[in-house]
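Trainee: One structure, pasted below without further comment.
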Amino acid sequence: METSAYTQHPEVQALLTELHTVARERPGGLRVSDIRDAAGRQYVDLVMEGGGTLGVALLGYIYVLEQLNIRFLNLAGTSAGSIVSMLLAVGPIEEEKSDWLIEAVAGKDFYDFVDGNKEVRKFIDALLDPEARKAKKVRLTAKVLDDIRDYYGLCPGLHFHDWLSGLLAAKGVRTLADLQAQRRAVPTGIQVAGTGVAIAPARWARLSIVSADISTGTKVSLPDMAHLYYAEPDQANPADFVRASMSVPVFFYPCILKNIPKSESASANWAQAANYRGPVPPEVYLVDGGSMSNFPISFFYAPEKTVDAPVFGIKIGADRDSFTAMDSFGAFAGAMLGAMMSFSDNDFFVQHPDWNRFVGVIDSGTYNWLDFHLSDEGKLDLFVRGARAARDFLLGFDWPGAQHSISKPS
């Protein structure tokens with residue numbers, strides 16, 4: 001499907017027309033930030049939730065923001081959110097990237113990522129097929145137990161890593177040093193609006209790709225914590241970080257990092273960055289960051305700093321909008337696991353309820369987040385749903401300025 005099928009979709013065009021009209025008629029326009037550049041672009045921090053193949057909806061949301069001249073400073077994301085965060089981080093921050101994202105992500109056949117052997121693919125197809133008989137699923141399960149026992153997962157994730165590495169390399173990014181060099185480019189005239197105070201690259205230096213180190217029980221932010229895992233973090237391939245973040249337990253092999261640095265300062269680094277005080281492990285196993293934080297907006301909470309731009313958050317699907325009936329052990333186990341996984345992120349909003357108004361929620365409908373057979377029509381529908389959510393968010397949002405920031409004590 002051509003990129004234009006997404007960007008020129010009638011509903012997307014209609015909602016953009018609506019937003020541009022509001023921007024012209026509202027006093028001060030659609031104001032979302034104190035940081036602007038000479039071309040009038042506004043800049044915000046951005047955090048994106050994980051959601052598997054539902055991540056296509058993030059593209060629609062991003063497209064609308066970019067069409068309203070909104071660009072992104074610090075970026076954070078988990079799983080699907082980490083993929084989009086990484087691709088947005090490539091190149092100058094003022095550059096519009098939606099067309100590339102749509103071509104690269106929405107244009108990808110997601111089933112390519114199911115790179116296990118033939119028996120694994122049959123098992124996954126049956127598992128995700130609601131019409132497949134239970135006996136078939138049991139029979140196929142027996143054939144993949146060896147993979148789970150030997151590799152702790154079904155799919156190596158090599159195709160995903162090769163795909164993302166290729167996308168980054170095509171943009172000149174093969175190492176973390178390459179990525180950081182690109183992000184040091186300064187948009188013309190970027191400053192705190194009305195003050196003449198220039199903004200330096202340190203303001204948008206942070207990229208947080210979230211994974212879970214189950215060897216030490218650490219919520220990992222990469223590249224922030226890359227020095228714990230790499231002897232030469234500047235030479236690490238940024239695709240490694242995302243591969244770790246999207247490693248859905250059992251579905252994908254865990255990401256295994258070996259030869260963990262054991263310099264004289266290593267133990268002190270682990271204690272400071274991860275509050276881990278045991279021996280430095282020889283290797284670590286990293287899995288999907290959603291097991292510890294699927295929506296890592298708390299990483300950008302900094303009440304001691306002067307706030308010049310908001311942190312926008314994008315969630316894929318509403319959560320905590322219904323209760324679970326404990327009518328079976330499966331329901332009980334699923335609810336218990338879900339509660340443990342979501343507690344940290346939910347508790348942040350309990351402690352800081354004002355942050356809810358900075359979060360847009362995409363209605364993802366009844367799509368399955370592990371639907372690797374997602375059709376072009378389904379991708380387009382998710383894209384439109386994302387665009388619709390961005391429209392609704394922007395119409396209800398008006399940045400009051402740093403003096404009323406939620407990050408400062410009231």
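Just so we're on the same page: first chain in the structure tokens is A, next is B, and so on; residues restart at 1 for each chain, and ligands are numbered from 1 in the order they show up.
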Do you know which residues are at most 8 Å from range 99-103 of chain A counting only C-alpha atoms, after dropping those on the same chain fewer than 4 positions away, and could you put them as number ranges by chain?
Mentor: A: 2-3, 6, 59, 84, 87, 107-108
Trainee: Neighbouring residues of Asp363 in chain A were defined as those with any atom within 7 Å, considering only C-alpha atoms; residues of the same chain fewer than 4 positions away were excluded. Please report them as a ChimeraX atom specification.
Mentor: /A:316-318,385
Trainee: Those same residues, written as a PDB file, in the first residue's frame with all heavy atoms?
Mentor:
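Printed below is part-v9.pdb as written:
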ATOM      1  N   ILE A 316      -1.688   3.245  23.677  1.00  0.00           N
ATOM      2  CA  ILE A 316      -2.409   2.449  22.690  1.00  0.00           C
ATOM      3  C   ILE A 316      -3.482   1.650  23.411  1.00  0.00           C
ATOM      4  O   ILE A 316      -3.213   0.597  23.996  1.00  0.00           O
ATOM      5  CB  ILE A 316      -1.464   1.497  21.929  1.00  0.00           C
ATOM      6  CG1 ILE A 316      -0.296   2.282  21.321  1.00  0.00           C
ATOM      7  CG2 ILE A 316      -2.214   0.743  20.850  1.00  0.00           C
ATOM      8  CD1 ILE A 316       0.754   1.402  20.674  1.00  0.00           C
ATOM      9  N   GLY A 317      -4.693   2.163  23.419  1.00  0.00           N
ATOM     10  CA  GLY A 317      -5.794   1.501  24.098  1.00  0.00           C
ATOM     11  C   GLY A 317      -5.930   1.972  25.534  1.00  0.00           C
ATOM     12  O   GLY A 317      -4.938   2.220  26.219  1.00  0.00           O
ATOM     13  N   ALA A 318      -7.178   2.109  25.970  1.00  0.00           N
ATOM     14  CA  ALA A 318      -7.439   2.501  27.354  1.00  0.00           C
ATOM     15  C   ALA A 318      -7.186   1.315  28.268  1.00  0.00           C
ATOM     16  O   ALA A 318      -7.404   0.165  27.894  1.00  0.00           O
ATOM     17  CB  ALA A 318      -8.887   2.971  27.497  1.00  0.00           C
ATOM     18  N   ARG A 385      -7.095   5.579  13.276  1.00  0.00           N
ATOM     19  CA  ARG A 385      -7.439   5.666  14.698  1.00  0.00           C
ATOM     20  C   ARG A 385      -6.409   6.496  15.461  1.00  0.00           C
ATOM     21  O   ARG A 385      -6.759   7.276  16.353  1.00  0.00           O
ATOM     22  CB  ARG A 385      -7.520   4.260  15.303  1.00  0.00           C
ATOM     23  CG  ARG A 385      -8.751   3.462  14.876  1.00  0.00           C
ATOM     24  CD  ARG A 385      -8.669   2.002  15.304  1.00  0.00           C
ATOM     25  NE  ARG A 385      -9.849   1.255  14.921  1.00  0.00           N
ATOM     26  CZ  ARG A 385     -10.911   1.070  15.699  1.00  0.00           C
ATOM     27  NH1 ARG A 385     -10.911   1.582  16.924  1.00  0.00           N
ATOM     28  NH2 ARG A 385     -11.946   0.386  15.286  1.00  0.00           N
TER      29      ARG A 385
END
Trainee: Report as a list in words all protein, DNA and RNA residues lying within 7 Å of range 154-164 of chain A, evaluated on only C-alpha atoms, omitting residues in the same chain fewer than 5 positions from it.
Mentor: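 Neighbouring residues, sequence-local ones excluded: Asp112, Phe113, Val114, Asp115, Gly116, Val120, Asp147, Ile148, Ala239, Arg243, Val250, Phe251, Phe252 and Tyr253 of chain A.
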Trainee: Write out the residues from the selection above, keeping C-alpha atoms, as a JSON list (two decimals), in the first residue's frame.
Mentor:
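To be explicit, this is the file written out as selection_4.json:
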[["chain", "number", "residue", "atom", "x", "y", "z"],
["A", 112, "ASP", "CA", 8.53, -11.75, 8.56],
["A", 113, "PHE", "CA", 9.31, -11.24, 12.25],
["A", 114, "VAL", "CA", 7.97, -14.72, 13.01],
["A", 115, "ASP", "CA", 11.34, -16.25, 12.17],
["A", 116, "GLY", "CA", 11.14, -19.50, 14.07],
["A", 120, "VAL", "CA", 7.03, -22.80, 15.47],
["A", 147, "ASP", "CA", 12.59, -24.50, 21.50],
["A", 148, "ILE", "CA", 11.28, -23.02, 24.72],
["A", 239, "ALA", "CA", 19.17, -1.72, 16.88],
["A", 243, "ARG", "CA", 15.65, -5.71, 19.88],
["A", 250, "VAL", "CA", 8.47, -16.83, 25.17],
["A", 251, "PHE", "CA", 7.44, -15.44, 21.77],
["A", 252, "PHE", "CA", 10.95, -14.14, 21.05],
["A", 253, "TYR", "CA", 14.27, -15.37, 22.36]]
Trainee: With only C-alpha atoms as the counted atoms, please give the residues lying no more than 12 Å from Gln272 in chain A, apart from itself and same-chain residues fewer than 6 positions off, as a PyMOL selection string.
Mentor: chain A and resi 225+227-228+265-266
Trainee: What lies within 6 Å of range 284-286 of chain A using only C-alpha atoms, ignoring chain neighbours under 5 positions off, as a list in words?
Mentor: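 Using only C-alpha atoms, the neighbours found are Ala212, Asp213, Ile214, Ser215, Ala244, Pro254, Cys255, Ile256 and Leu257 of chain A.
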Trainee: Report as number ranges by chain all protein, DNA and RNA residues lying within 12 Å of Gly50 in chain A, evaluated on only C-alpha atoms, omitting residues in the same chain fewer than 5 positions from it.
Mentor: A: 55-58, 76-85, 209-211, 242, 245-248, 288-297, 313-317, 342, 369-370
Trainee: Have a look at A:Phe397, A:Ala14, A:Glu283, A:Phe332 and name the one nearest to Asn259 in chain A; count only C-alpha atoms.
Mentor: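 Using only C-alpha atoms, the shortest distance to Asn259 in chain A belongs to A:Glu283.
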Trainee: Just give me the gap between CA of Asp371 in chain A and CA of Phe123 in chain A in Å, one decimal is fine.
Mentor: 13.7 Å
Trainee: Quick one: of A:Val361, A:Val105, A:Leu337, A:Val90, who's nearest to Gly172 in chain A, counting only C-alpha atoms?
Mentor: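 Using only C-alpha atoms, the shortest distance to Gly172 in chain A belongs to A:Val90.
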Trainee: So how far away is CA of Ser33 in chain A from CA of Gln191 in chain A, in Å?
Mentor: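 Here the two named atoms are 10.9 Å from each other.
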Trainee: Extract, using only C-alpha atoms, all DNA, RNA and protein residues at most 7 Å from Arg71 in chain A, discarding same-chain residues fewer than 3 positions from it, and format them as a PyMOL selection string.
Mentor: chain A and resi 41-44+66+93-94
Trainee: With DSSP run on the backbone, what are the helix (DSSP H, G or I) residues within range 205-297 of chain A? I'd like them as a ChimeraX atom specification.
Mentor: /A:226-229,233-235,238-245,266-274,289-291,297
Trainee: Could those residues be written to a file, using N, CA, C and O atoms, as a short mmCIF file (atom, residue, chain, number, x, y, z; two decimals), in the first residue's frame?
Mentor:
data_model
loop_
_atom_site.label_atom_id
_atom_site.label_comp_id
_atom_site.auth_asym_id
_atom_site.auth_seq_id
_atom_site.Cartn_x
_atom_site.Cartn_y
_atom_site.Cartn_z
N ALA A 226 23.80 2.02 28.95
CA ALA A 226 24.61 1.17 28.08
C ALA A 226 26.00 0.89 28.65
O ALA A 226 26.60 -0.15 28.38
N HIS A 227 26.52 1.83 29.46
CA HIS A 227 27.87 1.62 30.02
C HIS A 227 27.92 0.43 30.97
O HIS A 227 29.00 -0.10 31.23
N LEU A 228 26.76 -0.02 31.47
CA LEU A 228 26.75 -1.19 32.32
C LEU A 228 26.92 -2.47 31.51
O LEU A 228 27.44 -3.47 32.03
N TYR A 229 26.49 -2.44 30.25
CA TYR A 229 26.39 -3.66 29.45
C TYR A 229 27.40 -3.75 28.32
O TYR A 229 27.63 -4.83 27.79
N PRO A 233 30.24 1.46 24.73
CA PRO A 233 28.84 1.76 24.40
C PRO A 233 28.68 2.62 23.15
O PRO A 233 27.69 2.46 22.43
N ASP A 234 29.61 3.51 22.87
CA ASP A 234 29.50 4.35 21.67
C ASP A 234 29.51 3.54 20.39
O ASP A 234 29.01 4.00 19.35
N GLN A 235 30.06 2.32 20.44
CA GLN A 235 30.14 1.48 19.25
C GLN A 235 29.00 0.47 19.18
O GLN A 235 28.94 -0.32 18.23
N PRO A 238 22.49 0.70 17.77
CA PRO A 238 21.23 1.08 18.43
C PRO A 238 20.10 0.09 18.20
O PRO A 238 19.16 0.03 18.99
N ALA A 239 20.19 -0.70 17.11
CA ALA A 239 19.17 -1.72 16.88
C ALA A 239 19.16 -2.75 18.01
O ALA A 239 18.12 -3.37 18.29
N ASP A 240 20.32 -2.96 18.66
CA ASP A 240 20.38 -3.88 19.80
C ASP A 240 19.40 -3.45 20.90
O ASP A 240 18.75 -4.28 21.53
N PHE A 241 19.34 -2.14 21.14
CA PHE A 241 18.51 -1.63 22.23
C PHE A 241 17.04 -1.95 21.96
O PHE A 241 16.30 -2.36 22.87
N VAL A 242 16.62 -1.74 20.73
CA VAL A 242 15.22 -1.97 20.38
C VAL A 242 14.91 -3.46 20.36
O VAL A 242 13.83 -3.89 20.79
N ARG A 243 15.85 -4.26 19.87
CA ARG A 243 15.65 -5.71 19.88
C ARG A 243 15.43 -6.20 21.31
O ARG A 243 14.61 -7.10 21.56
N ALA A 244 16.13 -5.62 22.26
CA ALA A 244 15.94 -5.99 23.66
C ALA A 244 14.57 -5.55 24.16
O ALA A 244 13.89 -6.28 24.89
N SER A 245 14.14 -4.37 23.75
CA SER A 245 12.89 -3.80 24.24
C SER A 245 11.66 -4.56 23.76
O SER A 245 10.65 -4.62 24.45
N ALA A 266 33.00 -0.84 37.74
CA ALA A 266 31.77 -1.50 37.31
C ALA A 266 30.77 -1.67 38.45
O ALA A 266 29.58 -1.36 38.30
N SER A 267 31.23 -2.18 39.58
CA SER A 267 30.30 -2.41 40.70
C SER A 267 29.68 -1.11 41.16
O SER A 267 28.47 -1.05 41.46
N ALA A 268 30.49 -0.04 41.22
CA ALA A 268 29.95 1.25 41.62
C ALA A 268 28.95 1.77 40.60
O ALA A 268 27.93 2.38 40.96
N ASN A 269 29.21 1.53 39.32
CA ASN A 269 28.28 1.96 38.27
C ASN A 269 26.93 1.25 38.40
O ASN A 269 25.87 1.86 38.25
N TRP A 270 26.99 -0.06 38.68
CA TRP A 270 25.75 -0.81 38.84
C TRP A 270 24.97 -0.33 40.06
O TRP A 270 23.74 -0.20 40.00
N ALA A 271 25.67 -0.05 41.12
CA ALA A 271 24.99 0.42 42.33
C ALA A 271 24.34 1.77 42.10
O ALA A 271 23.21 2.02 42.53
N GLN A 272 25.04 2.64 41.38
CA GLN A 272 24.51 3.99 41.15
C GLN A 272 23.37 4.00 40.14
O GLN A 272 22.34 4.64 40.36
N ALA A 273 23.55 3.30 39.01
CA ALA A 273 22.57 3.38 37.92
C ALA A 273 21.40 2.43 38.10
O ALA A 273 20.29 2.72 37.63
N ALA A 274 21.63 1.29 38.77
CA ALA A 274 20.59 0.27 38.84
C ALA A 274 20.24 -0.15 40.27
O ALA A 274 19.35 -0.99 40.44
N GLY A 289 10.49 -4.66 27.58
CA GLY A 289 10.41 -3.69 28.66
C GLY A 289 9.04 -3.57 29.27
O GLY A 289 8.89 -3.11 30.41
N GLY A 290 8.00 -4.00 28.52
CA GLY A 290 6.64 -3.92 29.04
C GLY A 290 6.43 -4.76 30.28
O GLY A 290 5.47 -4.53 31.03
N SER A 291 7.32 -5.72 30.54
CA SER A 291 7.19 -6.53 31.75
C SER A 291 7.49 -5.71 32.99
O SER A 291 7.16 -6.13 34.11
N ILE A 297 6.69 7.07 31.06
CA ILE A 297 6.63 8.53 31.13
C ILE A 297 7.32 9.05 32.40
O ILE A 297 7.79 10.19 32.44
#
Trainee: What is the CA of Val138 in chain A-CA of Phe323 in chain A distance in Å, reported with one decimal?
Mentor: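 CA of Phe323 in chain A lies 29.6 Å from CA of Val138 in chain A.
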Trainee: Pick the closest to Arg277 in chain A from A:Val32, A:Thr306, A:Thr216, A:Ala331: which is it, counting only C-alpha atoms?
Mentor: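 Closest to Arg277 in chain A of all the choices is A:Thr216.
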